[in-house]
file input.cif (mmCIF, C-alpha atoms (C1' of nucleotides))
data_entry
#
loop_
_atom_site.label_atom_id
_atom_site.label_comp_id
_atom_site.auth_asym_id
_atom_site.auth_seq_id
_atom_site.Cartn_x
_atom_site.Cartn_y
_atom_site.Cartn_z
CA MET A 177 -11.78 -3.03 15.46
CA PRO A 178 -8.64 -2.46 17.56
CA LYS A 179 -6.87 -5.33 15.96
CA PHE A 180 -3.73 -5.32 18.03
CA SER A 181 -2.72 -5.27 21.64
CA PRO A 182 -2.11 -1.98 23.45
CA PRO A 183 1.35 -0.53 22.95
CA ASP A 184 3.67 0.04 25.87
CA LYS A 185 6.86 1.92 26.51
CA GLU A 186 9.10 -1.10 26.06
CA LEU A 187 7.54 -1.96 22.75
CA LYS A 188 8.15 1.52 21.52
CA GLU A 189 11.75 1.52 22.60
CA ALA A 190 12.37 -1.88 21.13
CA THR A 191 10.77 -0.92 17.88
CA ARG A 192 12.72 2.23 17.43
CA ALA A 193 15.96 0.53 18.36
CA LYS A 194 15.44 -2.21 15.85
CA LEU A 195 14.89 -0.04 12.85
CA CYS A 196 17.23 2.76 13.67
CA ALA A 197 20.26 1.22 15.30
CA ALA A 198 22.94 -1.11 14.05
CA PRO A 199 21.98 -4.80 14.19
CA PRO A 200 21.86 -5.92 17.83
CA PRO A 201 22.64 -9.50 18.85
CA PRO A 202 20.12 -11.54 16.88
CA ASP A 203 17.37 -13.08 18.92
CA ASP A 204 15.35 -15.94 17.65
CA GLU A 205 12.13 -14.24 16.66
CA LEU A 206 10.57 -10.84 16.30
CA ASP A 207 7.96 -9.67 18.72
CA PRO A 208 4.75 -10.31 16.79
CA ARG A 209 3.25 -7.11 18.10
CA ILE A 210 5.93 -5.15 16.36
CA GLU A 211 5.09 -6.70 13.08
CA VAL A 212 1.40 -5.98 13.38
CA LEU A 213 2.26 -2.43 14.28
CA VAL A 214 4.46 -2.06 11.24
CA ASN A 215 1.79 -3.50 9.03
CA ASP A 216 -0.75 -1.16 10.37
CA LEU A 217 1.42 1.89 9.95
CA ILE A 218 2.41 1.09 6.49
CA GLY A 219 -1.13 0.40 5.52
CA ARG A 220 -2.11 3.73 6.97
CA VAL A 221 0.44 5.82 5.22
CA ALA A 222 0.87 3.89 2.09
CA ASP A 223 -2.10 3.88 -0.11
CA ARG A 224 -2.38 5.45 -3.48
CA TRP A 225 -3.84 8.74 -2.34
CA THR A 226 -3.24 9.64 1.29
CA MET A 227 0.16 11.22 0.88
CA ILE A 228 -0.85 13.09 -2.25
CA ILE A 229 -3.87 14.59 -0.56
CA LEU A 230 -1.70 15.41 2.41
CA GLU A 231 0.70 17.20 0.15
CA VAL A 232 -1.95 19.20 -1.67
CA LEU A 233 -3.51 20.19 1.59
CA ALA A 234 -0.16 21.15 3.08
CA GLU A 235 0.39 23.38 0.10
CA HIS A 236 -2.98 25.06 -0.09
CA GLY A 237 -4.28 25.08 3.43
CA GLU A 238 -8.03 24.77 3.71
CA MET A 239 -9.77 23.28 0.68
CA ARG A 240 -13.15 22.17 -0.54
CA PHE A 241 -14.12 18.80 -1.94
CA THR A 242 -14.34 19.58 -5.62
CA GLN A 243 -11.29 21.77 -5.48
CA LEU A 244 -9.31 18.88 -4.01
CA GLY A 245 -10.68 16.58 -6.64
CA ARG A 246 -9.31 18.86 -9.33
CA MET A 247 -5.88 19.05 -7.75
CA VAL A 248 -5.46 15.38 -7.14
CA LYS A 249 -5.54 14.28 -10.72
CA GLY A 250 -6.97 10.95 -11.61
CA ILE A 251 -8.78 10.39 -8.35
CA SER A 252 -12.43 9.40 -8.49
CA GLN A 253 -15.05 10.90 -6.24
CA LYS A 254 -15.37 7.60 -4.50
CA MET A 255 -11.70 7.37 -3.64
CA LEU A 256 -11.55 11.00 -2.65
CA THR A 257 -14.40 10.64 -0.18
CA GLN A 258 -13.04 7.37 1.09
CA THR A 259 -9.51 8.61 1.64
CA LEU A 260 -10.69 11.85 3.17
CA ARG A 261 -12.85 9.96 5.64
CA GLN A 262 -10.04 7.68 6.64
CA MET A 263 -7.79 10.63 7.18
CA GLU A 264 -10.42 12.33 9.24
CA ARG A 265 -10.88 9.21 11.29
CA ASP A 266 -7.15 9.04 11.92
CA GLY A 267 -7.13 12.66 12.95
CA LEU A 268 -4.97 13.83 10.08
CA LEU A 269 -7.48 16.41 8.97
CA THR A 270 -10.67 18.13 10.00
CA ARG A 271 -13.86 18.27 8.00
CA THR A 272 -16.02 21.32 8.48
CA VAL A 273 -19.52 21.39 7.07
CA HIS A 274 -21.07 24.78 6.43
CA PRO A 275 -24.83 24.32 6.35
CA VAL A 276 -25.50 26.43 3.31
CA ILE A 277 -26.91 25.75 -0.11
CA PRO A 278 -25.20 24.60 -2.22
CA PRO A 279 -23.26 22.62 0.38
CA LYS A 280 -19.80 23.70 1.41
CA VAL A 281 -17.36 21.42 3.17
CA GLU A 282 -13.84 22.38 4.02
CA TYR A 283 -10.88 20.14 4.70
CA LYS A 284 -7.84 21.22 6.62
CA LEU A 285 -4.82 19.39 7.95
CA THR A 286 -4.44 19.07 11.68
CA ASP A 287 -1.10 19.41 13.41
CA LEU A 288 -0.92 15.64 13.33
CA GLY A 289 -1.37 15.66 9.59
CA LEU A 290 1.27 18.29 9.13
CA SER A 291 3.68 16.39 11.33
CA LEU A 292 3.19 13.26 9.27
CA GLY A 293 4.14 15.21 6.19
CA ALA A 294 7.26 16.37 7.93
CA ALA A 295 8.10 12.85 9.09
CA PHE A 296 7.68 11.50 5.62
CA CYS A 297 10.25 13.97 4.44
CA GLY A 298 13.08 11.56 5.09
CA VAL A 299 11.65 8.94 2.81
CA TRP A 300 10.92 11.57 0.24
CA ILE A 301 14.44 12.83 0.17
CA TRP A 302 15.81 9.31 0.10
CA ALA A 303 13.67 8.54 -2.91
CA GLU A 304 14.82 11.63 -4.72
CA GLU A 305 18.42 10.90 -4.04
CA ASN A 306 18.20 7.28 -5.04
CA TYR A 307 15.65 7.43 -7.75
CA GLU A 308 18.09 7.08 -10.56
CA ILE A 309 20.07 4.37 -8.84
CA ILE A 310 16.94 2.30 -8.50
CA GLU A 311 15.95 2.83 -12.11
CA GLN A 312 19.40 1.77 -13.16
CA SER A 313 19.30 -1.30 -10.96
CA ARG A 314 15.98 -2.25 -12.48
CA ARG A 315 17.23 -1.92 -15.99
CA LYS A 316 20.21 -4.06 -15.18
CA PHE A 317 18.05 -6.69 -13.54
CA ASP A 318 15.61 -6.83 -16.42
CA ALA A 319 18.41 -7.03 -18.93
CA SER A 320 20.01 -9.95 -17.13
CA LEU A 321 16.70 -11.77 -17.28
CA ASN A 322 16.47 -11.41 -21.03
CA LYS A 323 19.94 -12.78 -21.54
CA SER A 324 19.39 -15.97 -19.56
CA MET B 284 8.79 0.29 -18.52
CA PRO B 285 10.03 3.70 -17.38
CA LYS B 286 6.57 5.06 -17.03
CA PHE B 287 7.42 8.65 -16.27
CA SER B 288 9.58 11.34 -17.71
CA PRO B 289 13.19 11.64 -16.60
CA PRO B 290 13.64 13.60 -13.39
CA ASP B 291 15.56 16.81 -13.39
CA LYS B 292 17.08 19.05 -10.80
CA GLU B 293 14.22 21.52 -10.77
CA LEU B 294 11.66 18.83 -10.26
CA LYS B 295 13.61 17.47 -7.35
CA GLU B 296 13.93 20.85 -5.73
CA ALA B 297 10.31 21.64 -6.25
CA THR B 298 9.26 18.32 -4.86
CA ARG B 299 11.29 18.55 -1.75
CA ALA B 300 10.23 22.09 -1.16
CA LYS B 301 6.59 21.23 -1.42
CA LEU B 302 6.59 18.45 1.09
CA CYS B 303 9.09 19.82 3.53
CA ALA B 304 8.52 23.53 3.70
CA ALA B 305 5.70 25.69 4.94
CA PRO B 306 2.90 26.24 2.41
CA PRO B 307 4.15 28.54 -0.37
CA PRO B 308 1.85 30.89 -2.29
CA PRO B 309 -0.76 28.58 -3.82
CA ASP B 310 -0.54 28.02 -7.54
CA ASP B 311 -3.35 26.62 -9.54
CA GLU B 312 -2.26 23.06 -10.16
CA LEU B 313 0.36 20.54 -9.21
CA ASP B 314 2.99 19.45 -11.67
CA PRO B 315 1.65 16.10 -12.85
CA ARG B 316 5.13 14.65 -12.91
CA ILE B 317 5.40 15.18 -9.20
CA GLU B 318 2.31 13.16 -8.58
CA VAL B 319 3.45 10.26 -10.69
CA LEU B 320 6.74 10.33 -8.87
CA VAL B 321 5.00 10.27 -5.50
CA ASN B 322 2.84 7.40 -6.57
CA ASP B 323 5.77 5.45 -7.75
CA LEU B 324 7.76 6.00 -4.61
CA ILE B 325 4.99 5.12 -2.32
CA GLY B 326 4.24 2.01 -4.27
CA ARG B 327 7.86 1.04 -4.06
CA VAL B 328 8.27 1.43 -0.35
CA ALA B 329 4.86 0.77 0.90
CA ASP B 330 3.57 -2.67 0.38
CA ARG B 331 2.68 -5.11 3.06
CA TRP B 332 6.03 -6.83 3.29
CA THR B 333 8.96 -4.82 1.98
CA MET B 334 9.64 -2.83 5.12
CA ILE B 335 9.21 -5.84 7.37
CA ILE B 336 11.69 -7.87 5.39
CA LEU B 337 14.00 -4.91 5.37
CA GLU B 338 13.79 -4.72 9.10
CA VAL B 339 14.42 -8.40 9.68
CA LEU B 340 17.35 -8.31 7.33
CA ALA B 341 18.74 -5.18 8.98
CA GLU B 342 18.57 -6.97 12.28
CA HIS B 343 20.04 -10.29 11.30
CA GLY B 344 22.36 -9.55 8.44
CA GLU B 345 22.60 -12.29 5.86
CA MET B 346 19.69 -14.73 5.85
CA ARG B 347 18.34 -17.71 3.96
CA PHE B 348 14.93 -18.10 2.40
CA THR B 349 13.27 -20.41 4.88
CA GLN B 350 14.81 -18.58 7.79
CA LEU B 351 13.31 -15.33 6.53
CA GLY B 352 9.98 -17.03 6.05
CA ARG B 353 9.98 -18.04 9.68
CA MET B 354 10.83 -14.56 10.86
CA VAL B 355 8.31 -12.73 8.76
CA LYS B 356 5.24 -14.26 10.26
CA GLY B 357 2.20 -14.74 8.14
CA ILE B 358 3.93 -14.32 4.83
CA SER B 359 3.35 -16.97 2.20
CA GLN B 360 6.14 -18.47 0.16
CA LYS B 361 4.72 -16.77 -2.88
CA MET B 362 4.78 -13.32 -1.35
CA LEU B 363 8.21 -13.90 0.13
CA THR B 364 9.71 -14.83 -3.22
CA GLN B 365 7.88 -12.03 -4.94
CA THR B 366 8.87 -9.33 -2.50
CA LEU B 367 12.44 -10.54 -2.34
CA ARG B 368 12.70 -10.41 -6.13
CA GLN B 369 11.31 -6.91 -6.29
CA MET B 370 13.76 -5.78 -3.67
CA GLU B 371 16.58 -7.39 -5.56
CA ARG B 372 15.44 -5.69 -8.71
CA ASP B 373 15.40 -2.34 -6.97
CA GLY B 374 18.87 -2.97 -5.61
CA LEU B 375 17.80 -3.09 -1.98
CA LEU B 376 19.33 -6.50 -1.43
CA THR B 377 21.56 -9.08 -3.03
CA ARG B 378 20.68 -12.70 -3.66
CA THR B 379 23.54 -15.17 -3.59
CA VAL B 380 22.98 -18.70 -4.77
CA HIS B 381 25.34 -21.37 -3.48
CA PRO B 382 25.17 -24.30 -5.88
CA VAL B 383 25.01 -27.04 -3.30
CA ILE B 384 22.48 -29.68 -2.39
CA PRO B 385 20.14 -28.98 -0.75
CA PRO B 386 20.07 -25.48 -2.27
CA LYS B 387 21.31 -22.52 -0.30
CA VAL B 388 20.41 -18.96 -1.14
CA GLU B 389 21.41 -16.01 0.94
CA TYR B 390 19.84 -12.58 1.08
CA LYS B 391 21.63 -9.52 2.33
CA LEU B 392 20.80 -5.83 2.35
CA THR B 393 22.85 -3.52 0.19
CA ASP B 394 23.90 -0.08 1.33
CA LEU B 395 20.89 1.24 -0.53
CA GLY B 396 18.63 -1.06 1.44
CA LEU B 397 20.18 -0.02 4.71
CA SER B 398 19.83 3.63 3.83
CA LEU B 399 16.17 3.17 3.09
CA GLY B 400 15.73 1.70 6.53
CA ALA B 401 17.42 4.72 8.00
CA ALA B 402 15.29 7.08 5.95
CA PHE B 403 12.15 5.35 7.05
CA CYS B 404 13.14 6.00 10.60
CA GLY B 405 11.32 9.30 10.66
CA VAL B 406 8.02 7.77 9.76
CA TRP B 407 8.63 5.02 12.23
CA ILE B 408 9.25 7.39 15.08
CA TRP B 409 6.29 9.50 14.09
CA ALA B 410 4.08 6.47 14.18
CA GLU B 411 5.31 5.44 17.58
CA GLU B 412 4.80 8.87 18.98
CA ASN B 413 1.36 9.28 17.53
CA TYR B 414 0.09 5.78 17.68
CA GLU B 415 -2.12 6.34 20.67
CA ILE B 416 -3.39 9.63 19.39
CA ILE B 417 -4.54 7.98 16.21
CA GLU B 418 -6.21 5.12 18.02
CA GLN B 419 -8.00 7.60 20.21
CA SER B 420 -9.09 9.64 17.25
CA ARG B 421 -10.47 6.53 15.62
CA ARG B 422 -12.42 5.51 18.65
CA LYS B 423 -13.92 8.95 18.90
CA PHE B 424 -14.80 8.97 15.23
CA ASP B 425 -16.43 5.56 15.37
CA ALA B 426 -18.34 6.46 18.48
CA SER B 427 -19.73 9.59 16.88
CA LEU B 428 -20.98 7.50 13.98
CA ASN B 429 -22.93 5.20 16.26
CA LYS B 430 -24.63 8.10 17.98
CA SER B 431 -25.93 9.72 14.82
"C1'" DA C 105 -40.06 24.14 -15.84
"C1'" DT C 106 -35.52 22.97 -16.36
"C1'" DT C 107 -30.89 23.27 -15.38
"C1'" DC C 108 -26.89 23.89 -12.39
"C1'" DA C 109 -23.79 23.46 -8.50
"C1'" DT C 110 -22.17 21.04 -4.42
"C1'" DA C 111 -20.95 17.03 -1.85
"C1'" DC C 112 -21.71 13.24 -1.56
"C1'" DT C 113 -23.80 7.68 -1.54
"C1'" DT C 114 -24.95 3.44 -3.70
"C1'" DA C 115 -24.85 -0.47 -6.87
"C1'" DC C 116 -22.48 -2.91 -10.11
"C1'" DC C 117 -18.51 -4.78 -12.34
"C1'" DA C 118 -13.68 -5.65 -13.78
"C1'" DA C 119 -9.02 -6.07 -12.56
"C1'" DA C 120 -5.42 -6.87 -9.46
"C1'" DA C 121 -3.52 -8.77 -5.35
"C1'" DA C 122 -2.93 -12.38 -2.38
"C1'" DG C 123 -3.68 -17.01 -0.11
"C1'" DA C 124 -3.73 -22.16 -0.35
"C1'" DG C 125 -1.79 -26.00 -1.76
"C1'" DA C 126 0.39 -29.15 -4.82
"C1'" DG C 127 4.45 -30.08 -7.62
"C1'" DT C 128 9.77 -30.06 -8.76
"C1'" DG C 129 14.70 -31.62 -8.44
"C1'" DT C 130 18.42 -33.44 -5.90
"C1'" DC C 131 20.86 -35.88 -2.52
"C1'" DA C 132 21.38 -37.67 2.16
"C1'" DA C 133 19.66 -39.90 6.18
"C1'" DA C 134 16.63 -43.48 8.39
"C1'" DT D 108 12.33 -47.29 -0.07
"C1'" DT D 109 10.41 -43.63 1.94
"C1'" DT D 110 11.11 -39.34 3.99
"C1'" DG D 111 12.88 -34.83 4.49
"C1'" DA D 112 15.23 -30.41 3.60
"C1'" DC D 113 15.61 -26.46 0.62
"C1'" DA D 114 14.08 -22.96 -2.51
"C1'" DC D 115 11.34 -22.34 -5.15
"C1'" DT D 116 7.17 -22.42 -9.24
"C1'" DC D 117 2.48 -23.11 -10.84
"C1'" DT D 118 -2.35 -23.15 -10.70
"C1'" DC D 119 -6.67 -22.22 -8.65
"C1'" DT D 120 -9.62 -19.58 -5.84
"C1'" DT D 121 -10.83 -15.85 -2.91
"C1'" DT D 122 -10.47 -11.24 -1.39
"C1'" DT D 123 -9.65 -6.65 -2.02
"C1'" DT D 124 -9.52 -2.67 -4.67
"C1'" DG D 125 -11.03 0.77 -7.55
"C1'" DG D 126 -13.56 2.66 -11.52
"C1'" DT D 127 -18.12 4.05 -13.73
"C1'" DA D 128 -22.28 5.77 -13.57
"C1'" DA D 129 -26.44 6.84 -11.59
"C1'" DG D 130 -29.06 8.77 -7.77
"C1'" DT D 131 -30.02 12.39 -3.81
"C1'" DA D 132 -31.09 16.88 -1.66
"C1'" DT D 133 -31.60 21.82 -1.95
"C1'" DG D 134 -32.45 26.32 -3.61
"C1'" DA D 135 -31.05 29.72 -6.93
"C1'" DA D 136 -30.65 31.15 -11.59
"C1'" DT D 137 -32.45 30.97 -16.49
#

call {"tool": "encode", "arguments": {"input": "input.cif", "output": "structure tokens"}}
result
Amino acid sequence: MPKFSPPDKELKEATRAKLCAAPPPPDDELDPRIEVLVNDLIGRVADRWTMIILEVLAEHGEMRFTQLGRMVKGISQKMLTQTLRQMERDGLLTRTVHPVIPPKVEYKLTDLGLSLGAAFCGVWIWAEENYEIIEQSRRKFDASLNKS
Amino acid sequence: MPKFSPPDKELKEATRAKLCAAPPPPDDELDPRIEVLVNDLIGRVADRWTMIILEVLAEHGEMRFTQLGRMVKGISQKMLTQTLRQMERDGLLTRTVHPVIPPKVEYKLTDLGLSLGAAFCGVWIWAEENYEIIEQSRRKFDASLNKS
DNA sequence: ATTCATACTTACCAAAAAGAGAGTGTCAAA
DNA sequence: TTTGACACTCTCTTTTTGGTAAGTATGAAT
């Protein structure tokens, strides 16, 4: 299940440097571990529902299953359970079962979950700021295809 | 093709506020436009290859097709072409064809592409900082499944 | 006795994404 | 004359993903 090698300080430093700094002297190849790490991260953060659930939960605090299902429009029960479980597994939220009838389960973001929301803020803002530019670029691109 | 309604200032403000600020007084439902926007963004930024290509390109500056293919390990020609085209369409990079034989095509990040890399920095750092915590959480979760 | 609510799980099926591998065109080198 | 480099494209197959719908357990309300 742990599908990549253990991270170490140097890896972390290298990784951060590469994405955040100006291009350093090009070396021949990327550390493969970095790539697997990237893949894994992106996969973690970047499915259809995780960030939306995160957002709803950040907004409303503690919530129950059906309540969440109503907020996150278009999600099926299956996907809701699945995504919630993944997030729980990753430590982004806690799941509290109250042994009553009818059942009551409450979901709540952990500090880790909240911090992910905050971290994602940069991308969010970028997207807002550049949303129209991208749309424009797409229109231009598509138009140039039709002409040729 | 534009599958959601045009964004406006209020939407943008609301969106940013919701992700970045502390939980405001809960209202009953999320603006559906916000969700579509989120979906779209995430889809744009968050596939298997886009960020990796972005990173390689940020590191090395201008690069050719085969060269990129060697750097981005595990990617197939198909996916490389596909991702590159999407990124071009979105205005993240430029594609310059030199009409020589054998063919020579060069890919280079635009300012938009570079700024996306910078924006993604937050998520990157978050992931580095919390990588071990997540792994630990997963191990604990999986272990608790085996016991029960 | 039947229905309802809650929080799921399971089985089945369709659609989408992605990999593998062969083909294309051109010229230059061996 | 065959091979190779480059930057693809095309087709076929496999894998992954996600939706639908039904089933489950429990007790309370009608």

call {"tool": "interface_residues", "arguments": {"input": "input.cif", "of": "chain D", "to": "chain A", "cutoff": "8 Å", "atoms": "all atoms listed in the file", "output": "JSON, numbers by chain"}}
result
{"D": [125, 126, 133, 134]}

call {"tool": "interface_residues", "arguments": {"input": "input.cif", "of": "chain C", "to": "chain A", "cutoff": "12 Å", "atoms": "only C-alpha atoms (C1' of nucleotides)", "output": "JSON, numbers by chain"}}
result
{"C": [108, 109, 110, 111, 112, 113, 114]}

call {"tool": "atom_distance", "arguments": {"input": "input.cif", "atom1": "atom CA of Gln312 of chain A", "atom2": "atom CA of Val328 of chain B"}}
result
17.0 Å

call {"tool": "atom_distance", "arguments": {"input": "input.cif", "atom1": "atom CA of Glu235 of chain A", "atom2": "atom CA of Leu288 of chain A"}}
result
15.4 Å

call {"tool": "atom_distance", "arguments": {"input": "input.cif", "atom1": "atom C1' of DA121 of chain C", "atom2": "atom CA of Gln258 of chain A"}}
result
19.8 Å

call {"tool": "closest_residue", "arguments": {"input": "input.cif", "among": "B:Cys404, B:Pro382, B:Met370, B:Gly396", "to": "chain A", "atoms": "all atoms listed in the file"}}
result
B:Cys404

call {"tool": "resolve_selection", "arguments": {"input": "input.cif", "expression": "the PyMOL selection byres ((chain D and resi 123) around 10)", "output": "PyMOL selection string"}}
result
(chain C and resi 120-122) or (chain D and resi 121-122+124-125)

call {"tool": "resolve_selection", "arguments": {"input": "input.cif", "expression": "the PyMOL selection byres ((chain B and resi 339) around 9)", "output": "PDB file with C-alpha atoms, in the coordinates of the input"}}
result
ATOM      1  CA  LYS A 194      15.440  -2.210  15.850  1.00  0.00           C
ATOM      2  CA  LEU A 195      14.890  -0.040  12.850  1.00  0.00           C
ATOM      3  CA  LEU A 206      10.570 -10.840  16.300  1.00  0.00           C
TER       4      LEU A 206
ATOM      5  CA  MET B 334       9.640  -2.830   5.120  1.00  0.00           C
ATOM      6  CA  ILE B 335       9.210  -5.840   7.370  1.00  0.00           C
ATOM      7  CA  ILE B 336      11.690  -7.870   5.390  1.00  0.00           C
ATOM      8  CA  LEU B 337      14.000  -4.910   5.370  1.00  0.00           C
ATOM      9  CA  GLU B 338      13.790  -4.720   9.100  1.00  0.00           C
ATOM     10  CA  LEU B 340      17.350  -8.310   7.330  1.00  0.00           C
ATOM     11  CA  ALA B 341      18.740  -5.180   8.980  1.00  0.00           C
ATOM     12  CA  GLU B 342      18.570  -6.970  12.280  1.00  0.00           C
ATOM     13  CA  HIS B 343      20.040 -10.290  11.300  1.00  0.00           C
ATOM     14  CA  GLY B 344      22.360  -9.550   8.440  1.00  0.00           C
ATOM     15  CA  LEU B 351      13.310 -15.330   6.530  1.00  0.00           C
ATOM     16  CA  MET B 354      10.830 -14.560  10.860  1.00  0.00           C
ATOM     17  CA  VAL B 355       8.310 -12.730   8.760  1.00  0.00           C
TER      18      VAL B 355
END

call {"tool": "axis_aligned_box", "arguments": {"input": "input.cif", "around": "segment 327-336 of chain B", "padding_each_side": "4 Å", "output": "AutoDock Vina command-line options"}}
result
--center_x 7.2 --center_y -3.2 --center_z 1.7 --size_x 17.0 --size_y 17.3 --size_z 19.4

call {"tool": "residues_around", "arguments": {"input": "input.cif", "residues": "DT137 of chain D", "least_positions_apart": "4", "cutoff": "12 Å", "atoms": "all atoms listed in the file", "output": "list in words"}}
result
DA105, DT106, DT107 and DC108 of chain C
